[in-house]
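Engineer: Okay, here's the structure, questions in a sec.
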Amino acid sequence: FLSFSESMFGIKRKLFVTFKTAITSLFLTSMLGEHDGVLPRNPSWRAIGYEGGDANGKAHSHRYTMRTVAQDTELVCDVVIVGSGCGAGVMAAELSSAGWSVLVLEKGTFYRPDQFTQDEGDGFRNLYERGGAVGTEDGAVSLLCGSTFGLSLIHI
């Protein structure tokens, strides 16, 4: 089946990528149910040396004013930044510290720390474009495209 990944037939390469993606997704998102108030755990975590995160851990406080704009709205600011990843976050922080009024536009959802479940399946569904199932047209490359506020700063 590995020969499919290098086949000259595009359909075989796509089939291989689909199968590989399904197996990887199953490996990453399998969760055991909650036991005695303990958060669910992925059975593969131990094998890869991961102990699991603390969904109730300390959260960074911020001075953002979060607004959802659902209709035509006029906003006044000095700078508009499109996207909220690492580069955009640093730029927004630097500009606002320098006294500029900054507006960050993000198509993704903002999640509070208490909304993270430590479940990879939830993470893929909620934090990535199309649940993490984005790839090139020919199926040669799989992409993880963040689609939430500050994704490149978030660890799921």
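Quick note on naming: the chains in the structure tokens go A, B, ... in the order shown, residues restart at 1 in each chain, and ligands are numbered from 1 in order of appearance.
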Lys20 (chain A): which residues within 12 Å, counting only C-alpha atoms, same-chain residues fewer than 2 positions away excluded, as a VMD selection string?
Structural biologist: chain A and resid 1 to 2 4 to 5 13 to 18 22 to 27 133 139 to 142
Engineer: Set out as a Markdown table a contact list for region 68-98 of chain A and region 145-149 of chain A with a cut-off of 9 Å, giving each residue of region 68-98 of chain A that qualifies its closest atom pair and distance in Å to one decimal, counting only C-alpha atoms, ordered by chain and rising residue number.
Structural biologist:
| residue | atom | partner | partner_atom | distance |
| --- | --- | --- | --- | --- |
| A:Gly83 | CA | A:Phe149 | CA | 7.8 |
| A:Ser84 | CA | A:Phe149 | CA | 5.8 |
| A:Gly85 | CA | A:Phe149 | CA | 7.4 |
Engineer: Can you pull out the residues contacting region 103-109 of chain A? Cut-off 12 Å, using only C-alpha atoms, and skip same-chain residues under 4 positions away; I want them as a PyMOL selection string.
Structural biologist: chain A and resi 64-70+74-85+87-93+95-96+115+125-130+145-151
Engineer: From a DSSP pass on the backbone, collect the residues of chain A flagged as alpha helix (DSSP H) and hand them back as number ranges by chain.
Structural biologist: A: 10-29, 86-97, 120-127
Engineer: Quick check for you: according to DSSP on this backbone, which residues of chain A are classed as strand (DSSP E or B)? Reply as a list in words.
Structural biologist: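 Taking chain A and keeping strand (DSSP E or B) only, one gets His35, Val38, Val79, Val80, Ile81, Val82, Val102, Leu103, Val104, Leu105, Thr109, Tyr128, Val134, Gly135, Ser142, Leu143, Gly146 and Thr148 of chain A.
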Engineer: Between A:Ser97, A:Gln118, A:Thr136, A:Gln71, which one has atoms that come closest to Leu28 (chain A), using only C-alpha atoms?
Structural biologist: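 Comparing A:Ser97, A:Gln118, A:Thr136, A:Gln71 against Leu28 (chain A), the winner is A:Gln118.
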Engineer: When you draw a straight line from CA of Gly123 (chain A) to CA of Tyr111 (chain A), how long is it in Å?
Structural biologist: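 Between these atoms lies a distance of 10.9 Å.
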